[in-house]
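Here's start20.cif, which has mmCIF, C-alpha atoms and all ligand atoms; chains and numbers go by the auth columns:
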```
data_entry
loop_
_atom_site.group_PDB
_atom_site.id
_atom_site.type_symbol
_atom_site.label_atom_id
_atom_site.label_comp_id
_atom_site.label_asym_id
_atom_site.label_seq_id
_atom_site.Cartn_x
_atom_site.Cartn_y
_atom_site.Cartn_z
_atom_site.B_iso_or_equiv
_atom_site.auth_seq_id
_atom_site.auth_asym_id
ATOM 1 C CA MET A 1 18.800 16.383 -17.914 0.00 1 A
ATOM 2 C CA ASN A 2 15.190 16.778 -18.997 0.00 2 A
ATOM 3 C CA SER A 3 13.603 19.532 -16.896 0.00 3 A
ATOM 4 C CA ASP A 4 10.135 19.303 -18.478 0.00 4 A
ATOM 5 C CA ALA A 5 7.754 19.876 -15.560 0.00 5 A
ATOM 6 C CA GLN A 6 5.356 17.255 -16.967 0.00 6 A
ATOM 7 C CA THR A 7 7.948 14.471 -16.967 0.00 7 A
ATOM 8 C CA PRO A 8 8.288 12.601 -13.653 0.00 8 A
ATOM 9 C CA LEU A 9 11.702 13.124 -12.085 0.00 9 A
ATOM 10 C CA LEU A 10 11.984 9.412 -11.300 0.00 10 A
ATOM 11 C CA ARG A 11 10.132 6.861 -13.380 0.00 11 A
ATOM 12 C CA VAL A 12 10.220 3.112 -12.763 0.00 12 A
ATOM 13 C CA GLU A 13 8.502 0.845 -15.280 0.00 13 A
ATOM 14 C CA GLY A 14 8.080 -2.925 -15.149 0.00 14 A
ATOM 15 C CA LEU A 15 11.122 -3.284 -12.920 0.00 15 A
ATOM 16 C CA GLU A 16 12.208 -6.817 -12.046 0.00 16 A
ATOM 17 C CA SER A 17 15.177 -7.984 -10.008 0.00 17 A
ATOM 18 C CA GLY A 18 16.241 -10.370 -7.273 0.00 18 A
ATOM 19 C CA TYR A 19 19.034 -12.488 -5.940 0.00 19 A
ATOM 20 C CA ALA A 20 20.658 -15.599 -7.429 0.00 20 A
ATOM 21 C CA GLY A 21 17.656 -17.695 -8.362 0.00 21 A
ATOM 22 C CA LEU A 22 15.141 -15.657 -6.338 0.00 22 A
ATOM 23 C CA ARG A 23 13.026 -13.113 -8.164 0.00 23 A
ATOM 24 C CA VAL A 24 11.932 -10.449 -5.687 0.00 24 A
ATOM 25 C CA LEU A 25 10.600 -7.519 -7.719 0.00 25 A
ATOM 26 C CA ALA A 26 7.879 -8.517 -10.166 0.00 26 A
ATOM 27 C CA GLY A 27 6.989 -5.622 -12.438 0.00 27 A
ATOM 28 C CA ILE A 28 7.175 -2.469 -10.325 0.00 28 A
ATOM 29 C CA ASP A 29 5.709 0.744 -11.786 0.00 29 A
ATOM 30 C CA LEU A 30 6.067 3.979 -9.876 0.00 30 A
ATOM 31 C CA HIS A 31 7.033 7.585 -10.335 0.00 31 A
ATOM 32 C CA VAL A 32 8.021 10.644 -8.331 0.00 32 A
ATOM 33 C CA ASN A 33 7.353 14.100 -9.718 0.00 33 A
ATOM 34 C CA ARG A 34 9.639 17.054 -9.071 0.00 34 A
ATOM 35 C CA GLY A 35 9.226 18.366 -5.538 0.00 35 A
ATOM 36 C CA GLU A 36 6.976 15.489 -4.569 0.00 36 A
ATOM 37 C CA THR A 37 7.280 13.380 -1.411 0.00 37 A
ATOM 38 C CA VAL A 38 6.219 9.804 -2.125 0.00 38 A
ATOM 39 C CA ALA A 39 6.131 6.843 0.258 0.00 39 A
ATOM 40 C CA VAL A 40 6.689 3.174 -0.456 0.00 40 A
ATOM 41 C CA VAL A 41 5.279 1.295 2.507 0.00 41 A
ATOM 42 C CA GLY A 42 5.075 -2.406 3.193 0.00 42 A
ATOM 43 C CA GLY A 43 5.945 -5.116 5.640 0.00 43 A
ATOM 44 C CA ASN A 44 9.258 -6.805 6.250 0.00 44 A
ATOM 45 C CA GLY A 45 10.408 -8.747 3.195 0.00 45 A
ATOM 46 C CA ALA A 46 8.055 -6.988 0.767 0.00 46 A
ATOM 47 C CA GLY A 47 11.023 -5.973 -1.398 0.00 47 A
ATOM 48 C CA LYS A 48 11.432 -2.304 -0.466 0.00 48 A
ATOM 49 C CA THR A 49 15.197 -2.388 0.009 0.00 49 A
ATOM 50 C CA THR A 50 15.592 -4.489 -3.120 0.00 50 A
ATOM 51 C CA LEU A 51 13.624 -1.815 -5.009 0.00 51 A
ATOM 52 C CA ILE A 52 15.877 1.025 -3.830 0.00 52 A
ATOM 53 C CA ARG A 53 19.036 -0.994 -4.500 0.00 53 A
ATOM 54 C CA THR A 54 17.843 -1.831 -7.992 0.00 54 A
ATOM 55 C CA ILE A 55 17.044 1.825 -8.747 0.00 55 A
ATOM 56 C CA THR A 56 20.573 2.806 -7.673 0.00 56 A
ATOM 57 C CA GLY A 57 22.193 -0.003 -9.665 0.00 57 A
ATOM 58 C CA MET A 58 23.492 -1.962 -6.676 0.00 58 A
ATOM 59 C CA ILE A 59 21.319 -4.871 -7.798 0.00 59 A
ATOM 60 C CA LYS A 60 21.041 -5.633 -11.506 0.00 60 A
ATOM 61 C CA ALA A 61 17.593 -5.181 -13.037 0.00 61 A
ATOM 62 C CA THR A 62 16.509 -8.285 -14.949 0.00 62 A
ATOM 63 C CA ALA A 63 13.695 -6.432 -16.738 0.00 63 A
ATOM 64 C CA GLY A 64 12.122 -3.010 -16.910 0.00 64 A
ATOM 65 C CA ALA A 65 13.328 0.555 -17.003 0.00 65 A
ATOM 66 C CA VAL A 66 14.311 3.332 -14.621 0.00 66 A
ATOM 67 C CA SER A 67 14.786 6.924 -15.693 0.00 67 A
ATOM 68 C CA PHE A 68 15.883 9.929 -13.677 0.00 68 A
ATOM 69 C CA GLY A 69 15.371 13.369 -15.192 0.00 69 A
ATOM 70 C CA GLY A 70 14.814 11.571 -18.489 0.00 70 A
ATOM 71 C CA VAL A 71 18.136 9.723 -18.286 0.00 71 A
ATOM 72 C CA PRO A 72 17.863 5.890 -18.483 0.00 72 A
ATOM 73 C CA LEU A 73 19.630 4.446 -15.439 0.00 73 A
ATOM 74 C CA VAL A 74 19.563 0.677 -15.993 0.00 74 A
ATOM 75 C CA GLY A 75 23.109 -0.487 -16.685 0.00 75 A
ATOM 76 C CA LEU A 76 24.799 2.580 -15.169 0.00 76 A
ATOM 77 C CA SER A 77 27.067 2.206 -12.141 0.00 77 A
ATOM 78 C CA THR A 78 25.883 3.251 -8.690 0.00 78 A
ATOM 79 C CA ASP A 79 28.532 6.018 -8.648 0.00 79 A
ATOM 80 C CA ARG A 80 27.316 7.384 -11.967 0.00 80 A
ATOM 81 C CA ILE A 81 23.700 7.340 -10.773 0.00 81 A
ATOM 82 C CA CYS A 82 24.748 9.202 -7.618 0.00 82 A
ATOM 83 C CA GLU A 83 26.480 11.827 -9.777 0.00 83 A
ATOM 84 C CA TYR A 84 23.134 12.592 -11.399 0.00 84 A
ATOM 85 C CA GLY A 85 21.951 13.680 -7.948 0.00 85 A
ATOM 86 C CA LEU A 86 19.910 10.628 -6.973 0.00 86 A
ATOM 87 C CA ALA A 87 21.059 10.011 -3.412 0.00 87 A
ATOM 88 C CA GLN A 88 20.301 6.903 -1.419 0.00 88 A
ATOM 89 C CA VAL A 89 20.225 6.854 2.375 0.00 89 A
ATOM 90 C CA PRO A 90 20.676 3.155 3.270 0.00 90 A
ATOM 91 C CA GLU A 91 18.582 1.260 5.805 0.00 91 A
ATOM 92 C CA GLY A 92 19.260 2.270 9.397 0.00 92 A
ATOM 93 C CA ARG A 93 21.440 5.248 8.460 0.00 93 A
ATOM 94 C CA GLN A 94 20.935 8.908 9.358 0.00 94 A
ATOM 95 C CA ILE A 95 19.875 11.454 6.789 0.00 95 A
ATOM 96 C CA PHE A 96 22.966 13.137 5.437 0.00 96 A
ATOM 97 C CA ALA A 97 22.094 15.117 2.359 0.00 97 A
ATOM 98 C CA SER A 98 24.795 16.820 0.308 0.00 98 A
ATOM 99 C CA GLN A 99 22.691 18.785 -2.153 0.00 99 A
ATOM 100 C CA PRO A 100 21.136 15.892 -4.042 0.00 100 A
ATOM 101 C CA VAL A 101 18.347 16.404 -6.583 0.00 101 A
ATOM 102 C CA MET A 102 16.356 13.605 -4.992 0.00 102 A
ATOM 103 C CA LEU A 103 16.609 11.594 -1.792 0.00 103 A
ATOM 104 C CA MET A 104 15.642 7.947 -1.416 0.00 104 A
ATOM 105 C CA LEU A 105 15.394 7.005 2.241 0.00 105 A
ATOM 106 C CA ASP A 106 15.360 3.329 3.178 0.00 106 A
ATOM 107 C CA GLU A 107 13.566 2.922 6.517 0.00 107 A
ATOM 108 C CA PRO A 108 15.126 5.909 8.247 0.00 108 A
ATOM 109 C CA SER A 109 13.103 5.141 11.397 0.00 109 A
ATOM 110 C CA LEU A 110 14.573 1.641 11.756 0.00 110 A
ATOM 111 C CA GLY A 111 16.136 1.129 15.178 0.00 111 A
ATOM 112 C CA LEU A 112 15.524 4.685 16.376 0.00 112 A
ATOM 113 C CA ALA A 113 13.937 5.566 19.709 0.00 113 A
ATOM 114 C CA PRO A 114 10.412 7.027 19.295 0.00 114 A
ATOM 115 C CA ILE A 115 11.520 10.590 20.043 0.00 115 A
ATOM 116 C CA VAL A 116 14.294 10.359 17.444 0.00 116 A
ATOM 117 C CA VAL A 117 11.796 8.895 14.956 0.00 117 A
ATOM 118 C CA GLU A 118 9.692 12.028 15.456 0.00 118 A
ATOM 119 C CA GLN A 119 12.710 14.250 14.807 0.00 119 A
ATOM 120 C CA MET A 120 13.573 12.245 11.724 0.00 120 A
ATOM 121 C CA PHE A 121 10.052 12.645 10.280 0.00 121 A
ATOM 122 C CA ARG A 122 10.261 16.378 11.013 0.00 122 A
ATOM 123 C CA THR A 123 13.569 16.557 9.131 0.00 123 A
ATOM 124 C CA VAL A 124 11.980 14.794 6.143 0.00 124 A
ATOM 125 C CA ALA A 125 8.998 17.176 6.306 0.00 125 A
ATOM 126 C CA MET A 126 11.372 20.151 6.367 0.00 126 A
ATOM 127 C CA LEU A 127 13.307 18.881 3.340 0.00 127 A
ATOM 128 C CA ALA A 128 9.968 18.302 1.574 0.00 128 A
ATOM 129 C CA SER A 129 8.785 21.837 2.365 0.00 129 A
ATOM 130 C CA GLU A 130 12.019 23.150 0.858 0.00 130 A
ATOM 131 C CA GLY A 131 11.068 21.426 -2.388 0.00 131 A
ATOM 132 C CA MET A 132 13.270 18.327 -2.197 0.00 132 A
ATOM 133 C CA SER A 133 11.967 15.350 -4.183 0.00 133 A
ATOM 134 C CA ILE A 134 11.783 12.380 -1.822 0.00 134 A
ATOM 135 C CA LEU A 135 11.066 8.663 -2.037 0.00 135 A
ATOM 136 C CA LEU A 136 10.514 7.478 1.527 0.00 136 A
ATOM 137 C CA VAL A 137 10.584 3.728 2.122 0.00 137 A
ATOM 138 C CA GLU A 138 9.096 2.816 5.484 0.00 138 A
ATOM 139 C CA GLN A 139 7.408 0.168 7.601 0.00 139 A
ATOM 140 C CA ASN A 140 6.106 3.020 9.750 0.00 140 A
ATOM 141 C CA VAL A 141 2.973 3.209 7.600 0.00 141 A
ATOM 142 C CA ALA A 142 0.795 5.734 9.449 0.00 142 A
ATOM 143 C CA GLU A 143 3.525 8.363 9.893 0.00 143 A
ATOM 144 C CA SER A 144 4.682 7.977 6.307 0.00 144 A
ATOM 145 C CA LEU A 145 1.189 8.315 4.864 0.00 145 A
ATOM 146 C CA ARG A 146 0.628 11.460 6.940 0.00 146 A
ATOM 147 C CA LEU A 147 3.877 12.962 5.706 0.00 147 A
ATOM 148 C CA CYS A 148 3.714 12.117 2.003 0.00 148 A
ATOM 149 C CA GLN A 149 1.468 13.275 -0.819 0.00 149 A
ATOM 150 C CA ARG A 150 1.226 9.955 -2.622 0.00 150 A
ATOM 151 C CA ALA A 151 2.126 6.425 -1.666 0.00 151 A
ATOM 152 C CA TYR A 152 2.606 2.910 -2.966 0.00 152 A
ATOM 153 C CA VAL A 153 1.888 -0.165 -0.861 0.00 153 A
ATOM 154 C CA MET A 154 4.313 -2.960 -1.636 0.00 154 A
ATOM 155 C CA GLU A 155 3.511 -6.629 -1.038 0.00 155 A
ATOM 156 C CA ASN A 156 5.485 -9.634 -2.287 0.00 156 A
ATOM 157 C CA GLY A 157 7.559 -7.625 -4.724 0.00 157 A
ATOM 158 C CA THR A 158 4.581 -5.937 -6.361 0.00 158 A
ATOM 159 C CA ILE A 159 2.650 -2.700 -5.919 0.00 159 A
ATOM 160 C CA ALA A 160 -0.575 -3.835 -4.259 0.00 160 A
ATOM 161 C CA LEU A 161 -2.156 -0.406 -3.870 0.00 161 A
ATOM 162 C CA SER A 162 -1.261 3.154 -4.768 0.00 162 A
ATOM 163 C CA GLY A 163 -2.764 6.594 -4.652 0.00 163 A
ATOM 164 C CA ASP A 164 -3.181 9.739 -2.642 0.00 164 A
ATOM 165 C CA ALA A 165 -1.620 9.172 0.795 0.00 165 A
ATOM 166 C CA LYS A 166 -4.684 10.563 2.584 0.00 166 A
ATOM 167 C CA ASP A 167 -6.954 8.145 0.688 0.00 167 A
ATOM 168 C CA LEU A 168 -4.696 5.192 1.574 0.00 168 A
ATOM 169 C CA LEU A 169 -4.691 6.249 5.220 0.00 169 A
ATOM 170 C CA SER A 170 -8.466 5.765 5.277 0.00 170 A
ATOM 171 C CA ASP A 171 -8.508 2.691 3.003 0.00 171 A
ATOM 172 C CA ASP A 172 -9.927 -0.347 4.832 0.00 172 A
ATOM 173 C CA ARG A 173 -7.313 -2.723 3.377 0.00 173 A
ATOM 174 C CA VAL A 174 -4.474 -0.473 4.547 0.00 174 A
ATOM 175 C CA ARG A 175 -6.084 0.059 7.941 0.00 175 A
ATOM 176 C CA GLN A 176 -6.531 -3.666 8.527 0.00 176 A
ATOM 177 C CA ALA A 177 -3.185 -4.839 7.166 0.00 177 A
ATOM 178 C CA TYR A 178 -0.870 -2.075 8.378 0.00 178 A
ATOM 179 C CA LEU A 179 -2.559 0.095 10.971 0.00 179 A
ATOM 180 C CA GLY A 180 -4.095 -2.659 13.120 0.00 180 A
ATOM 181 C CA LEU A 181 -7.546 -1.074 12.907 0.00 181 A
HETATM 182 N N1 LIG B . 21.074 -10.484 -0.082 0.00 201 A
HETATM 183 C C1 LIG B . 19.982 -11.237 -0.253 0.00 201 A
HETATM 184 N N2 LIG B . 20.089 -12.498 -0.760 0.00 201 A
HETATM 185 C C2 LIG B . 19.002 -13.270 -0.952 0.00 201 A
HETATM 186 N N3 LIG B . 17.735 -12.875 -0.687 0.00 201 A
HETATM 187 C C3 LIG B . 17.567 -11.641 -0.182 0.00 201 A
HETATM 188 C C4 LIG B . 18.673 -10.756 0.058 0.00 201 A
HETATM 189 N N4 LIG B . 18.198 -9.582 0.548 0.00 201 A
HETATM 190 C C5 LIG B . 16.865 -9.734 0.626 0.00 201 A
HETATM 191 N N5 LIG B . 16.476 -10.959 0.197 0.00 201 A
HETATM 192 C C6 LIG B . 15.101 -11.463 0.105 0.00 201 A
HETATM 193 O O1 LIG B . 14.385 -10.602 -0.753 0.00 201 A
HETATM 194 C C7 LIG B . 13.068 -10.386 -0.279 0.00 201 A
HETATM 195 C C8 LIG B . 12.834 -8.892 -0.120 0.00 201 A
HETATM 196 O O2 LIG B . 13.739 -8.371 0.845 0.00 201 A
HETATM 197 P P1 LIG B . 13.931 -6.821 1.081 0.00 201 A
HETATM 198 O O3 LIG B . 14.043 -6.140 -0.226 0.00 201 A
HETATM 199 O O4 LIG B . 15.033 -6.657 2.047 0.00 201 A
HETATM 200 O O5 LIG B . 12.523 -6.428 1.745 0.00 201 A
HETATM 201 P P2 LIG B . 12.130 -5.195 2.696 0.00 201 A
HETATM 202 O O6 LIG B . 13.183 -4.151 2.540 0.00 201 A
HETATM 203 O O7 LIG B . 10.792 -4.777 2.201 0.00 201 A
HETATM 204 O O8 LIG B . 12.066 -5.738 4.097 0.00 201 A
HETATM 205 C C9 LIG B . 12.948 -11.164 1.020 0.00 201 A
HETATM 206 O O9 LIG B . 12.340 -12.400 0.727 0.00 201 A
HETATM 207 C C10 LIG B . 14.395 -11.357 1.442 0.00 201 A
HETATM 208 O O10 LIG B . 14.533 -12.539 2.188 0.00 201 A
HETATM 209 MG MG MG B . 14.350 -3.134 3.890 0.00 202 A
#
```

Write the structure described by the file as structure tokens, please.
Amino acid sequence: MNSDAQTPLLRVEGLESGYAGLRVLAGIDLHVNRGETVAVVGGNGAGKTTLIRTITGMIKATAGAVSFGGVPLVGLSTDRICEYGLAQVPEGRQIFASQPVMLMLDEPSLGLAPIVVEQMFRTVAMLASEGMSILLVEQNVAESLRLCQRAYVMENGTIALSGDAKDLLSDDRVRQAYLGL
């Protein structure tokens, strides 16, 4: 594994994938540096789950590249990818981390009562403060942007906006589309 501090831990370039006859992801570029907490936010159907499943090899990439610690992942099995320490927490499941190198959380707040959502975000913040690298996929845009350092806004299978989470939190487009302001 490449431990060069300058190389992103997870790098996704031009990633495309979908389902029989339906292209969902259309050229996704994103990265997560070591120890960074990064959000992917977006509405229902934007392609967030498809993105995570393509990174972990559950859905076949039709174009593009994914690397983790410098290792190319496209074409590897989901089990193999998990062995490299890239752990996926599926939609609607509780965080259960067994010493992964990086956690990808797919809508951990989905279906939880508000008080449990708060606890969940605190757990993610604690893992982040311990230096865990995290990709947090959420529809809970405000909370996620407050928690993360950087974020990507996903719309229609593309990255519509990206940048510093604090900047996105005050961005008019984000405020109108996702924060109801
Ligand atoms: N198993 C599937 N078969 C066909 N289409 C799917 C499947 N899962 C998701 N889709 C479609 O892919 C698009 C993106 O879905 P998804 O990745 O689940 O979005 P999100 O997680 O952002 O809500 C949607 O149009 C959805 O209807
Ligand atoms: Mg989803």

Listed atoms of ligand LIG 201 (chain A), axis-aligned box, 6 Å per side: centre and edge lengths to one decimal in Å, as AutoDock Vina command-line options?
```
--center_x 15.9 --center_y -8.7 --center_z 1.6 --size_x 22.3 --size_y 21.1 --size_z 17.0
```

Requested in this report: Name the residues that the PyMOL selection byres (((chain A and resi 75-88) around 8) and not hetatm) picks from the file above, as a ChimeraX atom specification, using the file's chain letters and numbers.
Outcome: /A:52,56-58,60,68,73-74,89-90,97,99-106

Using all atoms listed in the file, tabulate the residues of range 46-85 of chain A lying at most 8 Å from any atom of range 156-173 of chain A, each with its closest atom pair and that distance in Å to one decimal, by chain and increasing residue number, as JSON lines.
```
{"residue": "A:Ala46", "atom": "CA", "partner": "A:Asn156", "partner_atom": "CA", "distance": 4.8}
{"residue": "A:Gly47", "atom": "CA", "partner": "A:Gly157", "partner_atom": "CA", "distance": 5.1}
{"residue": "A:Lys48", "atom": "CA", "partner": "A:Gly157", "partner_atom": "CA", "distance": 7.8}
```

**Report entry** Exercise: Asn44 in chain A partners within 10 Å, all atoms listed in the file, chain neighbours under 6 positions left out, as a list in words
**Finding:**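 Contacts, in chain order: Glu138, Gln139, Glu155 and Asn156 of chain A.
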
Query raised in the report: Can you list what the PyMOL selection byres (((chain A and resi 34) around 7) and not hetatm) grabs from this structure, as a list in words?
Result: Pro8, Leu9, Val32, Asn33, Gly35, Glu36 and Ser133 of chain A

Query raised in the report: Which protein, DNA or RNA residues have an atom within 7 Å of ligand LIG 201 (chain A), counting only C-alpha atoms and all ligand atoms, as a ChimeraX atom specification?
Result: /A:18-19,22,24,42-51

Query raised in the report: Counting only C-alpha atoms, which residues come within 9 Å of (13.6, -2.8, -14.8), with the point read in the file's coordinates, and could you list them as a list in words?
Result: Val12, Glu13, Gly14, Leu15, Glu16, Ser17, Gly27, Ile28, Thr54, Ile55, Lys60, Ala61, Thr62, Ala63, Gly64, Ala65, Val66 and Val74 of chain A

Requested in this report: Select, from A:Pro114, A:Gly180, A:Gly131, A:Gly92, the residue with the minimum atom-to-atom distance to ligand MG 202 (chain A), counting all atoms listed in the file.
Outcome: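 Among the listed residues, A:Gly92 lies closest to ligand MG 202 (chain A).
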
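Reported to one decimal place, the separation of CA of Leu10 in chain A from CA of Ala151 in chain A is 14.1 Å.
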
Requested in this report: Mind checking which residues fall within 12 Å of Gln119 in chain A, counting all atoms listed in the file, ignoring those fewer than 5 positions away in the same chain, and posting them as a VMD selection string?
Outcome: chain A and resid 94 to 95 108 to 109 112 to 114 124 to 126 143
